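Enquirer: Okay, so here is work_19.cif, and as you'll see once you scroll down, it has mmCIF, C-alpha atoms.
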data_run
#
loop_
_atom_site.label_atom_id
_atom_site.label_comp_id
_atom_site.auth_asym_id
_atom_site.auth_seq_id
_atom_site.Cartn_x
_atom_site.Cartn_y
_atom_site.Cartn_z
CA ASP A 1 0.00 0.00 0.00
CA ALA A 2 1.16 3.49 -0.82
CA LYS A 3 2.27 5.69 2.04
CA THR A 4 0.70 9.01 2.90
CA THR A 5 2.01 12.33 4.20
CA GLN A 6 -0.12 14.59 6.36
CA PRO A 7 0.67 17.72 8.38
CA PRO A 8 0.99 16.85 12.05
CA SER A 9 -1.48 19.47 13.24
CA MET A 10 -3.97 22.09 12.11
CA ASP A 11 -6.30 24.59 13.70
CA CYS A 12 -9.69 25.64 12.41
CA ALA A 13 -12.19 28.20 13.68
CA GLU A 14 -15.56 26.84 14.70
CA GLY A 15 -18.09 27.18 11.90
CA ARG A 16 -15.47 27.49 9.20
CA ALA A 17 -14.49 24.81 6.72
CA ALA A 18 -11.63 22.56 7.73
CA ASN A 19 -9.47 21.46 4.79
CA LEU A 20 -7.14 18.59 5.63
CA PRO A 21 -4.55 17.75 2.98
CA CYS A 22 -2.94 14.41 2.25
CA ASN A 23 -0.15 13.53 -0.16
CA HIS A 24 0.01 10.06 -1.68
CA SER A 25 2.34 10.49 -4.62
CA THR A 26 3.02 6.75 -5.03
CA ILE A 27 -0.62 5.73 -5.19
CA SER A 28 -1.46 2.96 -7.65
CA GLY A 29 -4.37 2.91 -10.03
CA ASN A 30 -6.35 0.43 -7.97
CA GLU A 31 -5.76 2.01 -4.59
CA TYR A 32 -8.50 3.86 -2.76
CA VAL A 33 -8.13 6.86 -0.46
CA TYR A 34 -9.81 6.44 2.91
CA TRP A 35 -10.25 8.89 5.77
CA TYR A 36 -10.80 7.94 9.38
CA ARG A 37 -10.75 10.05 12.50
CA GLN A 38 -10.11 9.26 16.12
CA ILE A 39 -11.56 11.35 18.87
CA HIS A 40 -9.60 11.13 22.09
CA SER A 41 -9.87 7.76 23.83
CA GLN A 42 -12.31 6.37 21.26
CA GLY A 43 -11.91 3.91 18.43
CA PRO A 44 -11.32 5.32 14.93
CA GLN A 45 -14.40 6.31 12.96
CA TYR A 46 -14.80 5.91 9.23
CA ILE A 47 -15.47 9.18 7.40
CA ILE A 48 -15.30 8.70 3.65
CA HIS A 49 -13.39 7.02 0.83
CA GLY A 50 -12.91 7.44 -2.90
CA LEU A 51 -11.01 6.20 -5.93
CA LYS A 52 -10.97 8.90 -8.61
CA ASN A 53 -14.02 11.06 -8.35
CA ASN A 54 -14.82 13.52 -5.63
CA GLU A 55 -17.11 12.12 -2.98
CA THR A 56 -19.50 13.67 -0.50
CA ASN A 57 -21.50 12.26 2.37
CA GLU A 58 -23.22 13.63 5.42
CA MET A 59 -19.94 14.04 7.26
CA ALA A 60 -17.48 15.40 4.74
CA SER A 61 -16.31 15.84 1.17
CA LEU A 62 -13.28 14.22 -0.40
CA ILE A 63 -11.50 16.00 -3.22
CA ILE A 64 -8.96 13.91 -5.14
CA THR A 65 -6.66 15.61 -7.63
CA GLU A 66 -6.77 14.49 -11.23
CA ASP A 67 -3.38 12.79 -10.99
CA ARG A 68 -4.54 11.21 -7.72
CA LYS A 69 -1.28 12.15 -5.98
CA SER A 70 -3.03 14.15 -3.32
CA SER A 71 -6.43 14.65 -1.76
CA THR A 72 -8.23 16.96 0.64
CA LEU A 73 -10.82 16.13 3.24
CA ILE A 74 -13.27 18.96 3.78
CA LEU A 75 -15.40 19.35 6.86
CA PRO A 76 -17.75 22.10 5.66
CA HIS A 77 -18.71 23.61 9.02
CA ALA A 78 -16.33 22.47 11.72
CA THR A 79 -17.66 22.10 15.25
CA LEU A 80 -15.84 21.54 18.52
CA ARG A 81 -16.79 17.87 18.29
CA ASP A 82 -14.69 17.58 15.13
CA THR A 83 -11.52 18.01 17.18
CA ALA A 84 -9.72 14.72 16.54
CA VAL A 85 -6.81 13.05 14.81
CA TYR A 86 -7.59 12.52 11.13
CA TYR A 87 -5.95 9.66 9.24
CA CYS A 88 -5.56 9.47 5.49
CA ILE A 89 -5.08 5.89 4.32
CA VAL A 90 -4.38 4.52 0.87
CA ARG A 91 -4.96 0.90 0.10
CA VAL A 92 -6.28 -1.62 -2.32
CA SER A 93 -9.84 -2.54 -1.54
CA LEU A 94 -10.59 -5.50 -3.72
CA GLY A 95 -8.59 -8.59 -2.85
CA GLY A 96 -7.08 -7.12 0.25
CA ALA A 97 -7.61 -7.69 3.93
CA ASN A 98 -8.57 -5.18 6.58
CA ASN A 99 -5.01 -4.34 7.57
CA LEU A 100 -5.14 -0.58 7.35
CA PHE A 101 -1.92 1.40 7.80
CA PHE A 102 -2.92 4.46 9.79
CA GLY A 103 0.25 6.54 9.90
CA THR A 104 0.50 9.51 12.26
CA GLY A 105 -2.44 11.55 11.00
CA THR A 106 -3.29 15.23 11.45
CA ARG A 107 -4.42 16.49 14.80
CA LEU A 108 -7.22 18.96 14.05
CA THR A 109 -8.15 21.41 16.77
CA VAL A 110 -11.38 23.35 16.30
CA ILE A 111 -11.16 26.65 18.12
CA PRO A 112 -14.27 28.38 19.54
CA LYS B 113 -28.05 -1.85 16.16
CA ALA B 114 -25.35 -2.53 18.75
CA GLY B 115 -21.82 -1.52 17.89
CA VAL B 116 -18.59 -3.41 18.38
CA THR B 117 -18.23 -4.41 22.01
CA GLN B 118 -14.90 -4.97 23.66
CA THR B 119 -14.29 -6.36 27.12
CA PRO B 120 -12.76 -5.62 29.48
CA ARG B 121 -12.39 -1.87 28.94
CA TYR B 122 -9.52 -1.54 31.38
CA LEU B 123 -7.19 -4.02 32.95
CA ILE B 124 -3.90 -4.10 34.80
CA LYS B 125 -1.48 -7.01 34.63
CA THR B 126 2.07 -7.65 35.71
CA ARG B 127 5.00 -8.75 33.61
CA GLY B 128 4.97 -12.41 32.72
CA GLN B 129 1.24 -12.81 33.03
CA GLN B 130 -1.10 -13.45 30.12
CA VAL B 131 -4.25 -11.65 29.10
CA THR B 132 -7.29 -12.43 26.98
CA LEU B 133 -9.36 -9.70 25.37
CA SER B 134 -12.76 -10.21 23.84
CA CYS B 135 -14.52 -8.59 20.92
CA SER B 136 -18.13 -8.96 19.79
CA PRO B 137 -18.59 -7.60 16.27
CA ILE B 138 -21.67 -5.90 14.92
CA SER B 139 -24.39 -8.46 14.26
CA GLY B 140 -23.93 -9.94 10.82
CA HIS B 141 -20.31 -8.86 10.48
CA ARG B 142 -17.99 -11.76 9.76
CA SER B 143 -14.59 -10.06 9.66
CA VAL B 144 -12.83 -9.01 12.84
CA SER B 145 -9.50 -7.19 12.93
CA TRP B 146 -7.33 -6.29 15.89
CA TYR B 147 -5.06 -3.26 16.26
CA GLN B 148 -2.63 -2.09 18.92
CA GLN B 149 -2.28 1.61 19.66
CA THR B 150 0.62 3.06 21.61
CA PRO B 151 1.86 6.66 21.84
CA GLY B 152 5.16 5.73 20.21
CA GLN B 153 4.02 3.43 17.39
CA GLY B 154 0.52 4.66 16.72
CA LEU B 155 -2.11 2.26 15.37
CA GLN B 156 -0.64 -1.03 14.25
CA PHE B 157 -2.44 -3.97 12.69
CA LEU B 158 -2.25 -7.22 14.63
CA PHE B 159 -4.38 -9.74 12.73
CA GLU B 160 -7.68 -10.31 11.01
CA TYR B 161 -10.13 -13.18 11.18
CA PHE B 162 -12.88 -14.15 8.81
CA SER B 163 -15.07 -17.22 9.19
CA GLU B 164 -12.90 -18.51 12.03
CA THR B 165 -9.75 -18.34 9.91
CA GLN B 166 -6.85 -15.95 10.30
CA ARG B 167 -6.55 -14.16 6.98
CA ASN B 168 -3.75 -11.74 7.64
CA LYS B 169 -1.21 -11.05 10.35
CA GLY B 170 0.83 -8.02 11.23
CA ASN B 171 4.43 -7.89 12.38
CA PHE B 172 4.03 -8.94 15.99
CA PRO B 173 5.73 -11.76 17.91
CA GLY B 174 4.08 -15.12 18.47
CA ARG B 175 3.09 -14.07 21.99
CA PHE B 176 0.18 -12.32 20.32
CA SER B 177 -2.49 -14.72 19.13
CA GLY B 178 -6.15 -14.73 18.40
CA ARG B 179 -9.10 -16.76 17.36
CA GLN B 180 -12.61 -16.36 16.09
CA PHE B 181 -15.63 -18.38 17.03
CA SER B 182 -18.51 -19.57 14.88
CA ASN B 183 -20.64 -16.65 16.03
CA SER B 184 -17.90 -14.27 14.77
CA ARG B 185 -16.89 -13.20 18.27
CA SER B 186 -13.14 -12.97 18.58
CA GLU B 187 -10.56 -13.14 21.30
CA MET B 188 -6.94 -12.12 21.34
CA ASN B 189 -4.38 -13.39 23.79
CA VAL B 190 -1.04 -11.99 24.81
CA SER B 191 1.23 -14.31 26.74
CA THR B 192 4.30 -13.52 28.83
CA LEU B 193 3.37 -9.86 29.06
CA GLU B 194 6.07 -7.21 28.74
CA LEU B 195 5.98 -3.58 29.79
CA GLY B 196 5.88 -2.58 26.14
CA ASP B 197 2.59 -4.40 25.68
CA SER B 198 0.83 -1.61 27.56
CA ALA B 199 -1.49 -0.20 24.96
CA LEU B 200 -5.01 0.36 23.77
CA TYR B 201 -6.16 -2.74 21.90
CA LEU B 202 -8.83 -2.01 19.34
CA CYS B 203 -11.12 -4.42 17.58
CA ALA B 204 -12.84 -3.61 14.30
CA SER B 205 -15.47 -5.47 12.35
CA SER B 206 -16.70 -5.33 8.81
CA LEU B 207 -19.52 -6.95 6.95
CA VAL B 208 -17.57 -9.00 4.47
CA ALA B 209 -14.06 -10.31 4.09
CA VAL B 210 -13.10 -7.76 1.50
CA SER B 211 -14.59 -4.53 2.64
CA THR B 212 -14.73 -1.20 0.90
CA GLY B 213 -12.78 0.20 3.79
CA GLU B 214 -15.47 0.92 6.30
CA LEU B 215 -14.32 -0.70 9.49
CA PHE B 216 -16.35 -0.26 12.63
CA PHE B 217 -14.17 0.05 15.71
CA GLY B 218 -14.94 -0.67 19.32
CA GLU B 219 -13.93 1.57 22.21
CA GLY B 220 -10.90 -0.59 22.93
CA SER B 221 -9.40 -2.41 25.87
CA ARG B 222 -6.73 -0.45 27.69
CA LEU B 223 -4.05 -2.76 29.04
CA THR B 224 -1.48 -1.60 31.57
CA VAL B 225 1.44 -3.90 32.31
CA LEU B 226 3.31 -3.20 35.55
#
Could you spell out this file's structure in structure tokens?
Expert:
Amino acid sequence: DAKTTQPPSMDCAEGRAANLPCNHSTISGNEYVYWYRQIHSQGPQYIIHGLKNNETNEMASLIITEDRKSSTLILPHATLRDTAVYYCIVRVSLGGANNLFFGTGTRLTVIP
Amino acid sequence: KAGVTQTPRYLIKTRGQQVTLSCSPISGHRSVSWYQQTPGQGLQFLFEYFSETQRNKGNFPGRFSGRQFSNSRSEMNVSTLELGDSALYLCASSLVAVSTGELFFGEGSRLTVL
């Protein structure tokens, strides 16, 4: 699985959009981009995933560049409850097992 | 629908002892994965079970083992505990063996080794 690079920390004002970047320059054509987050002392929570196209769900939007070498997770209106560590993960979905490589993630702090 | 349940939530052991942790996946989920989380190493994959068979294993010594029962519940065991085994042990379940990436995690079992 390709490795990812994320900034160690970010701040975001409450109510504003939080844009969390992720670099995955060695991504292969059949690898998906997944985002999870972990709120302190809880298990990680799935947010969203995508292959090529941009994706949106009730939690967030995922923007993947055309060359697929980077992506951005967007939380449109950050709240204090969004303070967490966000993990960008790249892996093959089909044919693989659930051995996700989480990396160090980005610690997002939402400021009142 | 109940989530992933892990027991016990907290436990304290001493070096050399062994420990067994339990995980009940979401009803209908057949794949269970285990992860170890420590401040120094982050989240690391231990192993995954599907239909009572270990499908994949991370880079951990043989002291770490697991199993899955016919009802999909899983246990992991750590023998001859070391101080470095102090960690949060997380269990995750998914509906099928090859998931689209959506793993559902439990709250974890926090193990302290003295």
Enquirer: Segment 66-77 of chain A: which residues within 8 Å, counting only C-alpha atoms, same-chain residues fewer than 4 positions away excluded, as a PyMOL selection string?
Expert: chain A and resi 14-27+35+52+59-62
Enquirer: Please report as CSV every residue of chain A lying within 12 Å of chain B, along with the nearest atom pair and their distance in Å (one decimal), using only C-alpha atoms.
Expert:
residue,atom,partner,partner_atom,distance
A:Glu31,CA,B:Thr212,CA,11.0
A:Tyr32,CA,B:Gly213,CA,8.6
A:Val33,CA,B:Gly213,CA,9.2
A:Tyr34,CA,B:Gly213,CA,7.0
A:Trp35,CA,B:Gly213,CA,9.3
A:Tyr36,CA,B:Glu214,CA,9.0
A:Arg37,CA,B:Phe217,CA,11.0
A:Gln38,CA,B:Phe217,CA,10.1
A:Ile39,CA,B:Glu219,CA,10.6
A:His40,CA,B:Glu219,CA,10.5
A:Ser41,CA,B:Glu219,CA,7.6
A:Gln42,CA,B:Glu219,CA,5.2
A:Gly43,CA,B:Glu219,CA,4.9
A:Pro44,CA,B:Phe217,CA,6.0
A:Gln45,CA,B:Phe217,CA,6.8
A:Tyr46,CA,B:Glu214,CA,5.8
A:Ile47,CA,B:Glu214,CA,8.3
A:Ile48,CA,B:Glu214,CA,8.2
A:His49,CA,B:Gly213,CA,7.5
A:Gly50,CA,B:Thr212,CA,9.6
A:Leu51,CA,B:Thr212,CA,10.7
A:Val85,CA,B:Gly154,CA,11.3
A:Tyr87,CA,B:Leu155,CA,10.3
A:Cys88,CA,B:Gly213,CA,11.9
A:Ile89,CA,B:Gly213,CA,9.6
A:Val90,CA,B:Gly213,CA,9.9
A:Arg91,CA,B:Gly213,CA,8.7
A:Val92,CA,B:Thr212,CA,9.1
A:Ser93,CA,B:Thr212,CA,5.6
A:Leu94,CA,B:Val210,CA,6.2
A:Gly95,CA,B:Val210,CA,6.3
A:Gly96,CA,B:Val210,CA,6.2
A:Ala97,CA,B:Val210,CA,6.0
A:Asn98,CA,B:Ser145,CA,6.7
A:Asn99,CA,B:Phe157,CA,5.7
A:Leu100,CA,B:Phe157,CA,6.9
A:Phe101,CA,B:Gln156,CA,7.0
A:Phe102,CA,B:Leu155,CA,6.1
A:Gly103,CA,B:Gly154,CA,7.1
A:Thr104,CA,B:Gly154,CA,6.6
A:Gly105,CA,B:Gly154,CA,9.4
Enquirer: Once the PyMOL selection byres ((chain B and resi 123-130) around 6) is applied to the coordinates I shared, what remains selected? I want it as a ChimeraX atom specification.
Expert: /B:122,131,190-194,223-226
Enquirer: Separation of atom CA of Pro120 of chain B and atom CA of Ser186 of chain B, in Å?
Expert: 13.2 Å
Enquirer: To test your reading of the syntax: which residues would the PyMOL selection byres ((chain B and resi 119) around 9) return for the file shown? Reply as a list in words.
Expert: Thr117, Gln118, Pro120, Arg121, Tyr122, Leu133, Ser134, Cys135, Ser136, Gly220 and Ser221 of chain B
Enquirer: Quick one: pull the distance between atom CA of Leu207 of chain B and atom CA of Tyr86 of chain A, Å, one decimal.
Expert: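 Here the two named atoms are 23.2 Å from each other.
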Enquirer: Measure the distance from atom CA of Ala84 of chain A to atom CA of Thr106 of chain A in Å and round it to one decimal.
Expert: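 Between these atoms lies a distance of 8.2 Å.
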